[in-house]
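The structure under discussion appears below in the form of structure tokens.
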Amino acid sequence: MPPHLTRVWSGWPAVLLLCCSTWLPACRDKPPAPTAPGAPVAGQTTKVAKPPEILDASWLEDRKKQQLATLPKFEVFHDFQFIDRLPESGITFAHKIVDDSGKFYIADHYDHGNAVAVADVDQDGLLDIYFTTQLGENQLWHNLGNGQFEDWTGPSGLAVGDRIGVAASFADTDNDGDPDLYVTSVRGGNLFFENDGTGKFRDRTEQSGLGYTGHSSGITFFDYNRDGLLDLFLTNVGDYTTQEIGRGGYFVGSKAAFGNHLKRYCDEQSILFENQGNNRFLDVSKDVGLTDNSWSGDAHVLDPNEDGWPDLYIPNMQGHDEYYENDNGKRFVRKSRELFPETPWGTMGIGVFDYNHDGRMDIILTDMHVDMWDQSLFKTISLETEKAKVAEAKKLPLNYLATDGNHILGNAFFENNGNGKFTEVSDALNTENYWPWGLSIGDLNADGYEDVVITASMNFGFRYALNSVLLNNLGKGFLDSEFIVGVEPRRDGRTAIPWFELDCDGADRPHPLCKGQTGKVEVWGALGSRSSVIFDLDNDGDLDIVTNDFNSEPMVLVSNLTDRKPVHYLKIQLIGSKSNRDGLGAKVTVTTDFETLTKYYDGKSGYLAQSQYPIYFGLGDAESAKQIEVQWPSGKTQIVAGPIKANQLLKVKEE
């Protein structure tokens with residue numbers, strides 16, 4: 001038997017349990033029965049779905065009816081739709097996976113997916129889109145306007161086709177007025193690109209000092225010491241791979257990858273790089289006391305104590321989340337359990353925003369890994385179970401959790417009470433969902449209250465899972481809305497696609513899915529999204545959604561909000577002078593006759609990505625703003641006096 005076919009396909013939780021077999025026996029999935037009975041016809045390809053249920057989308061209609069029945073609860077405008085305009089957009093990018101998530105499935109961290117980020121790379125006033133992928137080339141798509149895009153990957157120099165891509169973040173690291181780009185990979189070396197101002201990028205990795213090689217993931221640009229230069233926090237997951245090389249040059253994952261957090265020698269420290277100027281960076285992690293070994297995919301900047309110094313929240317996908325308070329740009333002090341005594345155990349995505357207009361930044365977290373423990377839900381499709389915390393996870397032993405066991409068993413929402421105090425209110429606000437990855441924040445109906453989009457799925461080997469849209473019900477809670485606004489069901493009602501093909505008369509004969517099969521077998525898996533970004537794609541004044549799906553094409557979800565009602569908004573572009581040029585770390589407050597709206601500008605556009613784009617304020621019924629207040633990272637407070645007419649891009653330069 002060929003060595004690459006000796007790997008046994010087993011379910012995600014089975015591999016999780018393998019690492020702790022002292023308390024639970026490992027289990028092995030049985031291959032599914034063929035979807036069509038009877039012997040295959042010679043010369044034809046047999047279609048097999050894993051699991052067979054993914055080809056039956058009838059339950060989506062029942063879920064839609066359930067959601068429509070909740071409309072009497074809506075106090076917010078919801079009569080608008082997102083339509084997937086990918087075919088019309090011209091975008092032909094398709095994400096490709098390593099075989100660990102497909103033909104030779106094992107449970108490891110490759111299934112965490114990839115980023116999508118946006119920036120106006122050539123300064124033409126339109127936001128361009130950058131997708132990362134595991135196999136093949138990352139791609140840059142240039143915005144032509146009117147929802148049309150063209151492939152700029154080659155001319156831009158951003159293809160990155162020689163390594164397994166993960167994250168991407170745009171930021172103006174040299175304060176020259178254009179977005180530069182940092183891209184991470186799995187053991188292929190990270191890359192830093194400098195923009196020449198026209199959308200052409202030079203590889204400056206060697207000169208920058210940012211060419212770290214490891215199991216890298218998310219990227220967070222912020223000015224931790226407020227010297228006017230953007231620094232960079234790089235999250236490294238931990239060692240989850242072997243030395244075996246698979247198709248496309250990737251390092252095959254460890255079969256016990258989700259037990260490696262128990263082995264201290266598998267830890268991989270995340271890194272704080274300080275910007276020394278001229279796009280040169282230096283690792284200062286130990287110097288400032290920020291030596292975090294969490295198994296983390298991403299991080300987020302926030303300022304809970306409102307002292308003007310940016311702090312860090314680091315989600316931990318296999319342990320307690322960590323929080324580090326910035327002590328005047330000189331050091332970071334770990335205050336994780338002081339502020340957050342219990343956190344999710346398997347956190348993936350994070351968003352920071354003021355959901356209820358009290359002027360304080362709240363935190364929403366998505367918990368992917370706890371949802372993988374209750375195997376009874378893998379085939380059950382029930383709104384009640386998907387919106388509940390996972391009781392089965394209470395049985396997890398402390399020797400596997402490697403924590404004090406004090407965890408929220410699902411998504412979390414930390415409401416900021418002020419004075420460094422938070423209350424966990426996820427169930428009260430209705431922010432639970434199933435198999436979540438990343439999330440993006442944006443005011444989808446332009447009413448002034450920010451909404452949440454959560455990508456979700458497990459793809460091959462598992463049933464279809466819904467992407468969630470949570471409309472903010474005037475700061476009172478969140479309302480499930482994906483069917484109401486057209487994000488679900490997907491275009492043409494699809495729930496699955498071909499995942500890979502097997503030659504059951506040839507080299508693939510030992511594969512478990514060839515059991516009882518001959519000839520060519522086309523194996524299907526569930527569709528699913530990993531990351532998203534919310535921005536005004538077509539410059540019509542409302543916010544659209546673009547996803548990066550797993551092993552598939554993206555969705556380009558264009559809103560028709562402006563066709564359904566008059567929309568009032570402001571887009572604010574910050575231009576720092578003493579502060580960093582992007583104004584990252586600024587607190588912006590817009591006051592109208594009806595509301596006071598507050599945003600902390602962190603550039604965090606979604607899971608695994610930062611974007612360089614204007615801050616979008618939906619103004620509701622207000623046709624103007626009375627004033628705008630900007631608290632710059634430099635410490636200066638600047639007032640832009642009104643009236644300020646709505647429906648414009650306003651550039652605010654630091655004075």
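Identifiers in this document derive from the order of the structure tokens: chains are assigned A, B, ..., residues are numbered from 1 separately in each chain, and ligands are numbered from 1 in order of occurrence.
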Find the nearest atom pair between each residue of segment 195-281 of chain A and segment 118-134 of chain A for residues within 9 Å, count only C-alpha atoms, give distances in Å to one decimal, sort rows by chain and ascending number, and present the table as a Markdown table.
| residue | atom | partner | partner_atom | distance |
| --- | --- | --- | --- | --- |
| A:Asn195 | CA | A:Val121 | CA | 7.6 |
| A:Asp196 | CA | A:Asp122 | CA | 8.8 |
| A:Gly197 | CA | A:Asp122 | CA | 5.9 |
| A:Thr198 | CA | A:Asp122 | CA | 4.4 |
| A:Gly199 | CA | A:Asp122 | CA | 4.4 |
| A:Lys200 | CA | A:Asp122 | CA | 8.0 |
| A:Tyr250 | CA | A:Gln134 | CA | 8.8 |
Write out the residues from the selection above, keeping all heavy atoms, as a PDB file, in the first residue's frame.
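Full text of result.pdb as output:
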ATOM      1  N   ASN A 195       4.434  48.980  -0.952  1.00  0.00           N
ATOM      2  CA  ASN A 195       3.669  49.524  -2.081  1.00  0.00           C
ATOM      3  C   ASN A 195       4.378  50.758  -2.639  1.00  0.00           C
ATOM      4  O   ASN A 195       4.806  51.633  -1.881  1.00  0.00           O
ATOM      5  CB  ASN A 195       2.262  49.895  -1.586  1.00  0.00           C
ATOM      6  CG  ASN A 195       1.291  50.210  -2.700  1.00  0.00           C
ATOM      7  OD1 ASN A 195       1.665  50.485  -3.832  1.00  0.00           O
ATOM      8  ND2 ASN A 195       0.015  50.175  -2.364  1.00  0.00           N
ATOM      9  N   ASP A 196       4.472  50.841  -3.960  1.00  0.00           N
ATOM     10  CA  ASP A 196       5.113  52.019  -4.559  1.00  0.00           C
ATOM     11  C   ASP A 196       4.129  53.154  -4.810  1.00  0.00           C
ATOM     12  O   ASP A 196       4.494  54.188  -5.375  1.00  0.00           O
ATOM     13  CB  ASP A 196       5.836  51.649  -5.857  1.00  0.00           C
ATOM     14  CG  ASP A 196       4.879  51.310  -7.003  1.00  0.00           C
ATOM     15  OD1 ASP A 196       3.648  51.299  -6.785  1.00  0.00           O
ATOM     16  OD2 ASP A 196       5.372  51.052  -8.121  1.00  0.00           O
ATOM     17  N   GLY A 197       2.873  52.969  -4.397  1.00  0.00           N
ATOM     18  CA  GLY A 197       1.861  54.009  -4.555  1.00  0.00           C
ATOM     19  C   GLY A 197       0.961  53.812  -5.750  1.00  0.00           C
ATOM     20  O   GLY A 197      -0.078  54.475  -5.874  1.00  0.00           O
ATOM     21  N   THR A 198       1.327  52.888  -6.636  1.00  0.00           N
ATOM     22  CA  THR A 198       0.524  52.639  -7.832  1.00  0.00           C
ATOM     23  C   THR A 198      -0.124  51.259  -7.811  1.00  0.00           C
ATOM     24  O   THR A 198      -0.717  50.838  -8.800  1.00  0.00           O
ATOM     25  CB  THR A 198       1.390  52.755  -9.098  1.00  0.00           C
ATOM     26  OG1 THR A 198       2.325  51.669  -9.141  1.00  0.00           O
ATOM     27  CG2 THR A 198       2.142  54.082  -9.126  1.00  0.00           C
ATOM     28  N   GLY A 199       0.017  50.541  -6.698  1.00  0.00           N
ATOM     29  CA  GLY A 199      -0.511  49.187  -6.621  1.00  0.00           C
ATOM     30  C   GLY A 199       0.474  48.129  -7.043  1.00  0.00           C
ATOM     31  O   GLY A 199       0.114  46.961  -7.181  1.00  0.00           O
ATOM     32  N   LYS A 200       1.719  48.524  -7.203  1.00  0.00           N
ATOM     33  CA  LYS A 200       2.787  47.557  -7.459  1.00  0.00           C
ATOM     34  C   LYS A 200       3.622  47.428  -6.192  1.00  0.00           C
ATOM     35  O   LYS A 200       4.012  48.429  -5.589  1.00  0.00           O
ATOM     36  CB  LYS A 200       3.640  48.002  -8.639  1.00  0.00           C
ATOM     37  CG  LYS A 200       2.874  48.014  -9.958  1.00  0.00           C
ATOM     38  CD  LYS A 200       3.771  48.420 -11.119  1.00  0.00           C
ATOM     39  CE  LYS A 200       2.984  48.403 -12.427  1.00  0.00           C
ATOM     40  NZ  LYS A 200       3.830  48.810 -13.579  1.00  0.00           N
ATOM     41  N   TYR A 250       3.302  21.037   1.061  1.00  0.00           N
ATOM     42  CA  TYR A 250       2.953  21.373   2.444  1.00  0.00           C
ATOM     43  C   TYR A 250       3.484  20.319   3.412  1.00  0.00           C
ATOM     44  O   TYR A 250       3.763  19.178   3.030  1.00  0.00           O
ATOM     45  CB  TYR A 250       1.439  21.536   2.591  1.00  0.00           C
ATOM     46  CG  TYR A 250       0.653  20.253   2.752  1.00  0.00           C
ATOM     47  CD1 TYR A 250       0.165  19.857   3.999  1.00  0.00           C
ATOM     48  CD2 TYR A 250       0.359  19.441   1.660  1.00  0.00           C
ATOM     49  CE1 TYR A 250      -0.571  18.696   4.152  1.00  0.00           C
ATOM     50  CE2 TYR A 250      -0.380  18.280   1.805  1.00  0.00           C
ATOM     51  CZ  TYR A 250      -0.844  17.911   3.051  1.00  0.00           C
ATOM     52  OH  TYR A 250      -1.579  16.752   3.208  1.00  0.00           O
TER      53      TYR A 250
END
Q: Skip Ile219 of chain A itself and residues of its chain fewer than 2 positions away, then list as a ChimeraX atom specification all residues within 9 Å of it, counting only C-alpha atoms.
A: /A:167-169,182-184,216-217,221,232-235,298-299,608-610
Q: Check segment 577-652 of chain A with DSSP on the backbone and list each residue it calls strand (DSSP E), as a PyMOL selection string.
A: chain A and resi 587-591+596-600+604-606+609-610+615-618+624-631+637-645+648-652
Q. Which residue gives the smallest distance to Leu383 of chain A among A:Ala465, A:Glu501, A:Leu135, A:Pro436, with only C-alpha atoms counted?
A. A:Ala465
Please, which residues in segment 562-590 of chain A fall within 9 Å of segment 617-633 of chain A when counting only C-alpha atoms, and what is the closest atom pair and distance in Å to one decimal for each, ordered by chain then residue number, as a Markdown table?
| residue | atom | partner | partner_atom | distance |
| --- | --- | --- | --- | --- |
| A:Pro566 | CA | A:Asp621 | CA | 8.7 |
| A:Val567 | CA | A:Gly620 | CA | 7.3 |
| A:His568 | CA | A:Leu619 | CA | 5.3 |
| A:Tyr569 | CA | A:Gly618 | CA | 4.4 |
| A:Leu570 | CA | A:Phe617 | CA | 5.2 |
| A:Lys571 | CA | A:Phe617 | CA | 6.3 |
| A:Ile572 | CA | A:Phe617 | CA | 8.0 |
| A:Leu574 | CA | A:Val630 | CA | 9.0 |
| A:Gly576 | CA | A:Trp632 | CA | 7.9 |
| A:Lys578 | CA | A:Pro633 | CA | 8.6 |
| A:Ser579 | CA | A:Pro633 | CA | 5.7 |
| A:Asn580 | CA | A:Pro633 | CA | 7.8 |
| A:Gly583 | CA | A:Trp632 | CA | 6.8 |
| A:Leu584 | CA | A:Pro633 | CA | 7.4 |
| A:Gly585 | CA | A:Pro633 | CA | 5.6 |
| A:Ala586 | CA | A:Trp632 | CA | 4.7 |
| A:Lys587 | CA | A:Gln631 | CA | 5.1 |
| A:Val588 | CA | A:Val630 | CA | 4.6 |
| A:Thr589 | CA | A:Glu629 | CA | 5.1 |
| A:Val590 | CA | A:Ile628 | CA | 4.6 |
Q: Have a look at atom CA of Glu424 of chain A and atom CA of Gly410 of chain A and let me know their distance in Å, one decimal.
A: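 Spanning atom CA of Glu424 of chain A to atom CA of Gly410 of chain A is a straight-line distance of 11.6 Å.
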Give one line per residue of segment 55-173 of chain A that approaches segment 466-475 of chain A to at most 10 Å, naming the two atoms of the closest pair and their distance in Å to one decimal, counting only C-alpha atoms; sort by chain then ascending residue number and deliver it as JSON lines.
{"residue": "A:Leu60", "atom": "CA", "partner": "A:Leu466", "partner_atom": "CA", "distance": 9.1}
{"residue": "A:Lys73", "atom": "CA", "partner": "A:Asn473", "partner_atom": "CA", "distance": 8.6}
{"residue": "A:Phe74", "atom": "CA", "partner": "A:Asn473", "partner_atom": "CA", "distance": 6.6}
{"residue": "A:Glu75", "atom": "CA", "partner": "A:Asn473", "partner_atom": "CA", "distance": 6.1}
{"residue": "A:Val76", "atom": "CA", "partner": "A:Asn473", "partner_atom": "CA", "distance": 5.9}
{"residue": "A:Phe77", "atom": "CA", "partner": "A:Leu471", "partner_atom": "CA", "distance": 9.2}
{"residue": "A:His78", "atom": "CA", "partner": "A:Leu471", "partner_atom": "CA", "distance": 8.3}
Q: Kindly indicate which residue among A:Ala412, A:Ile164, A:Ala496, A:Ile454 lies nearest to Ile54 of chain A, using only C-alpha atoms for the distances.
A: A:Ala496
Q) Do you have the atom CA of Thr45 of chain A-atom CA of Glu522 of chain A distance handy? A)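 Value for the atom CA of Thr45 of chain A-atom CA of Glu522 of chain A distance: 6.5 Å.
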**Q.** For Pro341 of chain A, the nearest of the candidates A:Phe82, A:Phe353, A:Phe192, A:Phe414, counting only C-alpha atoms
**A.** A:Phe414
Q: Quick one: pick out all helix (DSSP H, G or I) residues within segment 392-618 of chain A from a backbone DSSP run and write them as an MDAnalysis selection string.
A: chainID A and resid 392:395 398:401 426:429 491:493 512:514 561:564
Q. For Pro52 of chain A, which of A:Val523, A:Ile545, A:Val333, A:Val237 is the closest residue, counting only C-alpha atoms?
A.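 Answer, going by the shortest atom-to-atom distance: A:Val523.
In this structure, atom CA of Thr347 of chain A sits 29.5 Å away from atom CA of Ala49 of chain A.
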Q) For Asn647 of chain A, which residue out of A:Trp435, A:Tyr616, A:Phe251, A:Phe422 is the nearest one, using only C-alpha atoms? A)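 Closest candidate: A:Tyr616.
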(Q) Measuring between only C-alpha atoms, which one of A:Thr220, A:Ser156, A:Ser531, A:Thr173 shows the shortest distance to Phe201 of chain A? (A)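 With only C-alpha atoms as the atom set, the closest residue is A:Ser156.
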Counting only C-alpha atoms, what are the residues of segment 106-167 of chain A within 10 Å of segment 603-606 of chain A, and for each of them which pair of atoms is the nearest and at what distance in Å, to one decimal? Sort the table by chain and rising number, as a tab-separated table.
residue	atom	partner	partner_atom	distance
A:Ala115	CA	A:Gly606	CA	8.0
A:Val116	CA	A:Gly606	CA	7.9
A:Ala117	CA	A:Ser605	CA	7.2
A:Val118	CA	A:Ser605	CA	8.4
